[in-house]
Amino acid sequence: MKNSIFEKKIYKKLIEKIFYQSLAILMIAVISVAILRSAGRGYVGNIITSFISKITGADWEQSSYYYYEYIRFNIDTIMMITSIIFFIILFRFSLSWFTRYFDEIVEGVDKLAREEQNPIVMCPELGFMQEKLNQVKDELGKRENARMEAEKRKNDLVVYLAHDIKTPLTSVIGYLNLLEETLELPLSQKQKYVHITLEKAYRLEKLINEFFEITRYNLESIPLNKENIDLYYMFIQIADEAYPALIASDKKVEVHAAEDLTFYGDSDKLARVFNNIIKNAISYSKPGSTIDIYGEVQNENVIIRIENPGIIPKEQLDLIFEKFYRLDSARSTSTGGAGLGLAIAKDIVKLHGGTIEADCENGKIIFKITFPDKQ
C-alpha cells in the first residue's frame, strides 16, 4: 500500500514537471511568434525587401511587390509554420530534460542494486526520489547487517554446539564401555555409572534438540488454530509443568489474574510463548526468586506481564528478541539455549496482532505482552 502511494506521488510530480515545462515552452513559442510578427513590419520589412533586391537583382519597387505578395500577405501562414517548428524544437529539448529524470532514476536504482556505499545523488528536481532511494538503501543496509549478524551468531552457535556434543557423547560411550567390559562391578558403582550416563544422555538430547531448533526456525511456517483460551488455567498449567526446574533452584511461580481471563488465539503457540519466557526467567534469576505472572484487560487489550528479579543491561534488552542471541554467551552452559526462544515468542505474538517488549526496572526483568482483546 505504501509503495503504491509512493509510486503515485512519483508519477504526479513527474507529470506536473512535464506539464509546466510544456506550458512554459508553449508560452515562449507564442511570445516569440508575436515578436516575429511585429518585427515583420517597418524596419525589418525594409531589410527583407533590400535582401530580396540583392538576391533577385530587382529594383526596390519590384522587391517590395515580392515582399508583400509572398511574405506580408502570407504572414499568418508563415508564423503558424514557424510556431510549429519552434514548438517542436523546444519540445524536443523538453523531452531530453524529461528523459534525463528517468535516466537518473534508473541510475539510482542500479546503484541500489549494486549496493554501493556512496549516497545516491540526483538533480534538485528529483530530490524527493533521491531521499526515498537513500532511505531504501539505508534500510536494506540495516537488514543485510542484521542478517549477516544473525548468520554469524548461528554459525558460531553451531560450532559451539558441535564442540559441546562431543563431551557428553564421549562420556556416554566411555561409561557404557566400562559397564560392558567390567562385568563384576559392585551394584552401587554400576548405579553410579548408569546415573552419570543418563545425565550425559539427557544433555546430549538437549544439544541435539537445539540443532533441530536452529534448522527448523527458518523452515517452519506458523499457522494459527484459534480458539477461546482460558489464560488463567494456562498459566497454572505452565507453572505446574515448570515445577521440577523450579524446585531444583528453590524458585516458584505465582499467578495474579482473574479466573475468567480469556483470549481468542492458538493455545499451543501461546503456551510456547509463555513457556519460553518462564524458562528464561528460571534460568536467569537468583535461587529463591519468585516469578510473577500478571494478566488483566485494559482498554479492550489483554495485558500480560511476566516479572522476575534480575538485571539486564539496556544494550542487551534491545537484542534479546533477535535470532540466536543469548544473554549468556558462554560456549558451554546448562542455561544457554539456541537463542531462539524469545525470537519465536515475538513472531507468535506478532501473528496474533500483539506486541511484546522487555524492560528492566527496580531490580526486576519485565516482559509485557499486549494482545487486542477483540480479533
# chains A, B, ... in the order shown; residues from 1 in each chain; ligands from 1
$ residues_around --residues "stretch 187-197 of chain A" --least-positions-apart "4" --cutoff "10 Å" --atoms "only C-alpha atoms" --output "ChimeraX atom specification"
/A:168-169,171-176,178-179,182-183,201-203
$ residues_around --residues "stretch 265-281 of chain A" --least-positions-apart "4" --cutoff "7 Å" --atoms "only C-alpha atoms" --output "list in words"
Leu224, Asn225, Lys226, Glu227, Asn228, Ile229, Ile238, Ser285, Asn308, Gly341, Leu342, Ala345, Ile348 and His352 of chain A
$ closest_residue --among "A:Lys314, A:Lys251, A:His256, A:Lys350" --to "A:Gly295" --atoms "only C-alpha atoms"
A:His256
$ residues_around --residues "A:Val121" --least-positions-apart "6" --cutoff "9 Å" --atoms "only C-alpha atoms" --output "list in words"
Glu104, Gly108, Gly127, Gln130, Glu131 and Asn134 of chain A
$ write_last_selection --atoms "all heavy atoms" --output "CSV table (one decimal), in the first residue's frame"
chain,number,residue,atom,x,y,z
A,104,GLU,N,18.3,9.3,-14.5
A,104,GLU,CA,18.8,9.4,-13.2
A,104,GLU,C,18.2,8.5,-12.2
A,104,GLU,O,18.8,7.9,-11.3
A,104,GLU,CB,18.6,10.9,-12.7
A,104,GLU,CG,19.5,11.9,-13.3
A,104,GLU,CD,19.6,13.2,-12.5
A,104,GLU,OE1,19.5,13.1,-11.3
A,104,GLU,OE2,19.8,14.2,-13.1
A,108,GLY,N,20.0,5.6,-10.3
A,108,GLY,CA,19.9,5.5,-8.8
A,108,GLY,C,19.5,4.1,-8.4
A,108,GLY,O,20.0,3.5,-7.4
A,127,GLY,N,14.8,15.6,-6.0
A,127,GLY,CA,15.2,15.5,-4.6
A,127,GLY,C,14.3,14.5,-3.8
A,127,GLY,O,14.8,13.8,-2.9
A,130,GLN,N,15.5,11.1,-4.6
A,130,GLN,CA,16.9,10.9,-4.0
A,130,GLN,C,16.7,10.5,-2.5
A,130,GLN,O,17.3,9.6,-2.0
A,130,GLN,CB,17.7,12.1,-4.2
A,130,GLN,CG,19.0,12.1,-3.4
A,130,GLN,CD,19.8,13.4,-3.5
A,130,GLN,OE1,19.9,13.9,-4.6
A,130,GLN,NE2,20.2,13.9,-2.4
A,131,GLU,N,15.8,11.2,-1.9
A,131,GLU,CA,15.6,11.0,-0.4
A,131,GLU,C,15.0,9.6,-0.2
A,131,GLU,O,15.5,8.8,0.7
A,131,GLU,CB,14.7,12.0,0.1
A,131,GLU,CG,14.4,11.9,1.6
A,131,GLU,CD,13.4,12.9,2.2
A,131,GLU,OE1,13.1,13.8,1.4
A,131,GLU,OE2,13.1,12.8,3.4
A,134,ASN,N,17.6,6.8,-1.0
A,134,ASN,CA,18.6,6.7,0.1
A,134,ASN,C,18.0,6.1,1.4
A,134,ASN,O,18.7,5.3,2.1
A,134,ASN,CB,19.2,8.1,0.4
A,134,ASN,CG,20.2,8.5,-0.6
A,134,ASN,OD1,21.1,7.7,-0.9
A,134,ASN,ND2,20.2,9.7,-1.1
$ select_by_dssp --residues "stretch 89-297 of chain A" --states "alpha helix (DSSP H)" --output "JSON, numbers by chain"
{"A": [89, 90, 91, 92, 93, 94, 95, 96, 97, 98, 99, 100, 101, 102, 103, 104, 105, 106, 107, 108, 109, 110, 111, 112, 113, 114, 127, 128, 129, 130, 131, 132, 133, 134, 135, 136, 137, 138, 139, 140, 141, 142, 143, 144, 145, 146, 147, 148, 149, 150, 151, 152, 153, 154, 155, 156, 157, 158, 159, 160, 161, 162, 163, 164, 165, 166, 167, 168, 169, 170, 171, 172, 173, 174, 175, 176, 177, 178, 179, 180, 181, 187, 188, 189, 190, 191, 192, 193, 194, 195, 196, 197, 198, 199, 200, 201, 202, 203, 204, 205, 206, 207, 208, 209, 210, 211, 212, 213, 214, 215, 216, 217, 231, 232, 233, 234, 235, 236, 237, 238, 239, 240, 241, 243, 244, 245, 246, 247, 248, 267, 268, 269, 270, 271, 272, 273, 274, 275, 276, 277, 278, 279, 280, 281, 282, 283]}
$ closest_residue --among "A:Asn362, A:Ser53, A:Ser83, A:Ser289" --to "A:Tyr65" --atoms "only C-alpha atoms"
A:Ser53
$ closest_residue --among "A:Ile208, A:Met234, A:Cys123, A:Met80" --to "A:Ala257" --atoms "only C-alpha atoms"
A:Met234
$ select_by_dssp --residues "stretch 204-363 of chain A" --states "strand (DSSP E)" --output "NGL selection string"
:A and (226-230 or 252-257 or 262-266 or 290-298 or 301-309 or 355-361)
$ atom_distance --atom1 "atom CA of A:Ile81" --atom2 "atom CA of A:Asn46"
22.3 Å
